[in-house]
file query-v2.cif (mmCIF, C-alpha atoms)
data_structure
#
loop_
_atom_site.label_atom_id
_atom_site.label_comp_id
_atom_site.auth_asym_id
_atom_site.auth_seq_id
_atom_site.Cartn_x
_atom_site.Cartn_y
_atom_site.Cartn_z
CA MET A 1 -19.06 1.24 23.77
CA ARG A 2 -16.75 4.08 22.64
CA LEU A 3 -14.84 1.72 20.36
CA LEU A 4 -18.06 0.58 18.70
CA THR A 5 -19.10 4.21 18.21
CA LEU A 6 -15.71 5.04 16.65
CA ILE A 7 -15.94 2.06 14.28
CA LEU A 8 -19.43 3.05 13.22
CA LEU A 9 -18.39 6.66 12.63
CA LEU A 10 -15.43 5.60 10.52
CA ALA A 11 -17.55 3.19 8.52
CA ALA A 12 -20.16 5.89 7.91
CA SER A 13 -17.51 8.34 6.76
CA GLY A 14 -16.04 5.84 4.29
CA GLN A 15 -12.62 5.86 5.96
CA ALA A 16 -10.80 2.63 6.66
CA LEU A 17 -9.16 1.89 9.98
CA ALA A 18 -5.37 2.18 9.89
CA GLU A 19 -4.06 -0.92 8.24
CA ALA A 20 -1.02 -1.83 6.20
CA CYS A 21 0.65 -4.86 4.68
CA LEU A 22 4.37 -5.34 4.31
CA ILE A 23 5.40 -7.47 1.32
CA VAL A 24 8.92 -8.90 1.49
CA PRO A 25 10.29 -11.14 -1.30
CA GLN A 26 11.64 -14.45 0.02
CA GLU A 27 14.56 -14.52 -2.43
CA ALA A 28 17.83 -13.13 -1.14
CA SER A 29 18.53 -11.55 -4.54
CA ALA A 30 15.38 -9.41 -4.39
CA ASN A 31 16.35 -6.00 -3.12
CA MET A 32 12.99 -4.22 -2.89
CA SER A 33 10.21 -4.55 -0.32
CA VAL A 34 6.85 -2.81 -0.50
CA CYS A 35 4.36 -1.70 2.12
CA GLN A 36 0.79 -0.76 1.23
CA GLN A 37 -0.94 1.63 3.65
CA ASN A 38 -4.73 1.51 3.33
CA ARG A 39 -6.52 4.85 2.86
CA SER A 40 -10.04 4.00 1.70
CA ILE A 41 -10.23 0.30 0.87
CA PRO A 42 -12.72 -1.78 2.86
CA PRO A 43 -10.59 -3.94 5.21
CA HIS A 44 -11.81 -7.30 3.88
CA ILE A 45 -11.03 -6.26 0.28
CA PHE A 46 -7.66 -4.83 1.32
CA ARG A 47 -6.60 -8.11 2.92
CA ALA A 48 -8.07 -10.41 0.27
CA GLY A 49 -7.24 -8.54 -2.91
CA PHE A 50 -4.81 -5.69 -2.43
CA CYS A 51 -2.22 -7.44 -0.26
CA GLN A 52 -1.73 -10.44 -2.49
CA PRO A 53 1.68 -10.04 -4.13
CA ARG A 54 2.05 -10.83 -7.79
CA ILE A 55 5.79 -10.54 -8.37
CA ASN A 56 6.50 -12.49 -11.57
CA GLY A 57 6.24 -15.92 -9.96
CA ARG A 58 8.41 -14.98 -6.98
CA LYS A 59 7.29 -15.90 -3.51
CA ALA A 60 6.84 -13.21 -0.87
CA THR A 61 5.93 -12.98 2.78
CA VAL A 62 2.99 -10.73 3.66
CA SER A 63 2.51 -9.39 7.17
CA PHE A 64 -0.25 -7.07 8.36
CA THR A 65 0.29 -4.18 10.74
CA GLU A 66 -1.37 -0.92 11.75
CA GLN A 67 0.96 1.19 9.64
CA CYS A 68 3.99 0.92 7.38
CA PRO A 69 7.40 1.11 9.03
CA GLY A 70 9.67 4.14 8.63
CA GLY A 71 12.72 4.16 6.42
CA ALA A 72 11.06 4.04 2.99
CA ILE A 73 13.22 5.34 0.15
CA ALA A 74 10.13 6.55 -1.75
CA THR A 75 6.35 6.74 -1.42
CA CYS A 76 3.50 6.81 -3.90
CA ARG A 77 0.95 8.77 -1.91
CA ASN A 78 -2.78 8.47 -2.52
CA ALA A 79 -2.35 5.88 -5.30
CA GLN A 80 -5.56 4.82 -6.99
CA THR A 81 -5.83 1.30 -8.35
CA PRO A 82 -7.00 1.52 -11.99
CA GLY A 83 -10.68 0.72 -12.34
CA THR A 84 -11.51 1.43 -8.68
CA LEU A 85 -12.14 4.40 -6.43
CA TYR A 86 -9.93 2.96 -3.67
CA ARG A 87 -6.79 4.76 -2.47
CA GLN A 88 -3.64 3.65 -0.68
CA ASP A 89 -0.09 4.82 -0.02
CA ILE A 90 2.64 2.55 -1.39
CA LEU A 91 6.02 2.73 0.34
CA TYR A 92 9.21 1.29 -1.16
CA TYR A 93 12.21 -0.03 0.77
CA GLY A 94 15.60 -1.21 -0.47
CA SER A 95 17.43 -0.50 -3.70
CA GLN A 96 16.98 2.75 -5.59
CA HIS A 97 17.56 0.93 -8.89
CA ALA A 98 13.88 0.66 -9.91
CA LEU A 99 12.71 4.07 -8.66
CA ALA A 100 12.37 5.69 -12.11
CA ALA A 101 9.96 3.01 -13.33
CA LEU A 102 8.07 3.03 -10.03
CA ARG A 103 7.67 6.81 -10.20
CA ASN A 104 6.23 6.55 -13.70
CA THR A 105 3.74 3.88 -12.58
CA CYS A 106 2.79 5.93 -9.53
CA GLU A 107 2.10 9.15 -11.40
CA ARG A 108 0.67 7.88 -14.68
CA ARG A 109 -1.08 4.63 -13.88
CA ASN A 110 -2.10 5.22 -10.27
CA ASN A 111 -2.63 9.02 -10.29
CA GLY A 112 -0.50 9.17 -7.15
CA VAL A 113 1.86 11.79 -5.80
CA TRP A 114 5.51 10.69 -5.86
CA LEU A 115 7.60 11.48 -2.78
CA GLY A 116 11.18 10.39 -3.19
CA ARG A 117 14.25 10.81 -5.30
#
call {"tool": "encode", "arguments": {"input": "query-v2.cif", "output": "structure tokens"}}
result
Amino acid sequence: MRLLTLILLLAASGQALAEACLIVPQEASANMSVCQQNRSIPPHIFRAGFCQPRINGRKATVSFTEQCPGGAIATCRNAQTPGTLYRQDILYYGSQHALAALRNTCERRNNGVWLGR
């Protein structure tokens, strides 16, 4: 009964339950993984639309978990997907090579707060 009450309170407040998806490229040459931590996206939309990798024709493995793992080299906090009101944190793991471009996308396209180098 308490769990049902908690779920109803969270739904009424517009907050999503803790949920994340880890996206890992299947190619050995890919040196960057991403984890998306849900902030305000309805769970069914998060799983169906936000955690579907589109990495220039590359295949990736997606796994769902309660939260992103530690060890990220950078984070785009409170990122907003253009054209929506939904927010998420995007954590980056691996090579620091692409961080400059990722920071630009985070701050300018997603109105996020960049935490990293």
call {"tool": "atom_distance", "arguments": {"input": "query-v2.cif", "atom1": "CA of Phe46 in chain A", "atom2": "CA of His97 in chain A"}}
result
27.8 Å
call {"tool": "residues_around", "arguments": {"input": "query-v2.cif", "residues": "Thr61 in chain A", "least_positions_apart": "6", "cutoff": "12 Å", "atoms": "only C-alpha atoms", "output": "list in words"}}
result
Cys21, Leu22, Ile23, Val24, Pro25, Gln26, Glu27, Ser33, Val34, Cys35, Cys51, Gln52, Pro53, Arg54 and Ile55 of chain A
call {"tool": "resolve_selection", "arguments": {"input": "query-v2.cif", "expression": "the PyMOL selection byres ((chain A and resi 69) around 9)", "output": "number ranges by chain"}}
result
A: 22, 35, 67-68, 70-72, 91
call {"tool": "residues_near_point", "arguments": {"input": "query-v2.cif", "point": "(17.9, 1.3, -1.1)", "cutoff": "8 Å", "atoms": "all atoms listed in the file", "output": "list in words"}}
result
Asn31, Met32, Ile73, Tyr93, Gly94, Ser95, Gln96 and His97 of chain A
call {"tool": "residues_around", "arguments": {"input": "query-v2.cif", "residues": "Gln36 in chain A", "least_positions_apart": "4", "cutoff": "6 Å", "atoms": "only C-alpha atoms", "output": "PyMOL selection string"}}
result
chain A and resi 20-21+89-90
call {"tool": "atom_distance", "arguments": {"input": "query-v2.cif", "atom1": "CA of Leu85 in chain A", "atom2": "CA of Val62 in chain A"}}
result
23.7 Å
call {"tool": "atom_distance", "arguments": {"input": "query-v2.cif", "atom1": "CA of Ala74 in chain A", "atom2": "CA of Trp114 in chain A"}}
result
7.4 Å
call {"tool": "closest_residue", "arguments": {"input": "query-v2.cif", "among": "A:Ser63, A:Ala100, A:Thr75, A:Gln88", "to": "Phe50 in chain A", "atoms": "all atoms listed in the file"}}
result
A:Gln88
call {"tool": "closest_residue", "arguments": {"input": "query-v2.cif", "among": "A:Gly83, A:Asn78, A:Leu99, A:Pro42", "to": "Asn111 in chain A", "atoms": "only C-alpha atoms"}}
result
A:Asn78
call {"tool": "resolve_selection", "arguments": {"input": "query-v2.cif", "expression": "the PyMOL selection byres ((chain A and resi 110) around 12)", "output": "PyMOL selection string"}}
result
chain A and resi 76-90+102-109+111-114
call {"tool": "build_atoms", "arguments": {"input": "query-v2.cif", "residues": "range 53-86 of chain A", "atoms": "N, CA and C atoms", "output": "CSV table (one decimal), in the frame of the given file"}}
result
chain,number,residue,atom,x,y,z
A,53,PRO,N,0.6,-10.4,-3.2
A,53,PRO,CA,1.7,-10.0,-4.1
A,53,PRO,C,1.7,-10.9,-5.4
A,54,ARG,N,1.9,-10.2,-6.5
A,54,ARG,CA,2.0,-10.8,-7.8
A,54,ARG,C,3.4,-10.3,-8.4
A,55,ILE,N,4.4,-11.0,-8.0
A,55,ILE,CA,5.8,-10.5,-8.4
A,55,ILE,C,6.4,-11.5,-9.3
A,56,ASN,N,5.9,-11.6,-10.5
A,56,ASN,CA,6.5,-12.5,-11.6
A,56,ASN,C,6.9,-13.9,-11.1
A,57,GLY,N,6.0,-14.6,-10.4
A,57,GLY,CA,6.2,-15.9,-10.0
A,57,GLY,C,7.1,-16.0,-8.7
A,58,ARG,N,7.6,-14.9,-8.2
A,58,ARG,CA,8.4,-15.0,-7.0
A,58,ARG,C,7.5,-15.1,-5.8
A,59,LYS,N,8.0,-15.8,-4.8
A,59,LYS,CA,7.3,-15.9,-3.5
A,59,LYS,C,7.6,-14.7,-2.6
A,60,ALA,N,6.6,-14.3,-1.8
A,60,ALA,CA,6.8,-13.2,-0.9
A,60,ALA,C,6.1,-13.5,0.4
A,61,THR,N,6.6,-12.9,1.5
A,61,THR,CA,5.9,-13.0,2.8
A,61,THR,C,5.1,-11.7,3.0
A,62,VAL,N,3.9,-11.9,3.4
A,62,VAL,CA,3.0,-10.7,3.7
A,62,VAL,C,2.7,-10.7,5.1
A,63,SER,N,2.9,-9.6,5.8
A,63,SER,CA,2.5,-9.4,7.2
A,63,SER,C,1.7,-8.1,7.3
A,64,PHE,N,0.7,-8.2,8.1
A,64,PHE,CA,-0.2,-7.1,8.4
A,64,PHE,C,0.1,-6.3,9.6
A,65,THR,N,0.0,-5.0,9.6
A,65,THR,CA,0.3,-4.2,10.7
A,65,THR,C,-0.6,-2.9,10.7
A,66,GLU,N,-0.6,-2.1,11.7
A,66,GLU,CA,-1.4,-0.9,11.8
A,66,GLU,C,-0.9,0.1,10.8
A,67,GLN,N,0.4,0.2,10.6
A,67,GLN,CA,1.0,1.2,9.6
A,67,GLN,C,2.3,0.7,9.1
A,68,CYS,N,2.7,1.3,8.0
A,68,CYS,CA,4.0,0.9,7.4
A,68,CYS,C,5.1,1.4,8.2
A,69,PRO,N,6.2,0.7,8.3
A,69,PRO,CA,7.4,1.1,9.0
A,69,PRO,C,8.1,2.3,8.4
A,70,GLY,N,8.9,3.0,9.2
A,70,GLY,CA,9.7,4.1,8.6
A,70,GLY,C,10.8,3.6,7.8
A,71,GLY,N,11.5,4.5,7.2
A,71,GLY,CA,12.7,4.2,6.4
A,71,GLY,C,12.5,3.9,4.9
A,72,ALA,N,11.3,4.2,4.4
A,72,ALA,CA,11.1,4.0,3.0
A,72,ALA,C,11.9,5.0,2.2
A,73,ILE,N,12.4,4.5,1.0
A,73,ILE,CA,13.2,5.3,0.2
A,73,ILE,C,12.3,6.2,-0.8
A,74,ALA,N,11.1,5.8,-0.9
A,74,ALA,CA,10.1,6.6,-1.8
A,74,ALA,C,8.7,6.1,-1.4
A,75,THR,N,7.8,7.0,-1.7
A,75,THR,CA,6.4,6.7,-1.4
A,75,THR,C,5.5,7.2,-2.6
A,76,CYS,N,4.5,6.4,-3.0
A,76,CYS,CA,3.5,6.8,-3.9
A,76,CYS,C,2.3,7.1,-3.1
A,77,ARG,N,2.0,8.4,-2.8
A,77,ARG,CA,1.0,8.8,-1.9
A,77,ARG,C,-0.4,8.9,-2.7
A,78,ASN,N,-1.4,8.4,-2.0
A,78,ASN,CA,-2.8,8.5,-2.5
A,78,ASN,C,-3.0,7.8,-3.9
A,79,ALA,N,-2.3,6.6,-4.1
A,79,ALA,CA,-2.4,5.9,-5.3
A,79,ALA,C,-3.7,5.3,-5.5
A,80,GLN,N,-4.2,5.4,-6.7
A,80,GLN,CA,-5.6,4.8,-7.0
A,80,GLN,C,-5.4,3.6,-7.9
A,81,THR,N,-5.9,2.5,-7.5
A,81,THR,CA,-5.8,1.3,-8.4
A,81,THR,C,-6.7,1.5,-9.6
A,82,PRO,N,-6.2,1.3,-10.8
A,82,PRO,CA,-7.0,1.5,-12.0
A,82,PRO,C,-8.3,0.7,-11.9
A,83,GLY,N,-9.4,1.4,-12.3
A,83,GLY,CA,-10.7,0.7,-12.3
A,83,GLY,C,-11.4,0.7,-11.0
A,84,THR,N,-10.8,1.4,-10.0
A,84,THR,CA,-11.5,1.4,-8.7
A,84,THR,C,-11.5,2.9,-8.2
A,85,LEU,N,-12.2,3.1,-7.1
A,85,LEU,CA,-12.1,4.4,-6.4
A,85,LEU,C,-11.3,4.3,-5.2
A,86,TYR,N,-10.7,3.2,-4.9
A,86,TYR,CA,-9.9,3.0,-3.7
A,86,TYR,C,-8.6,3.6,-3.7
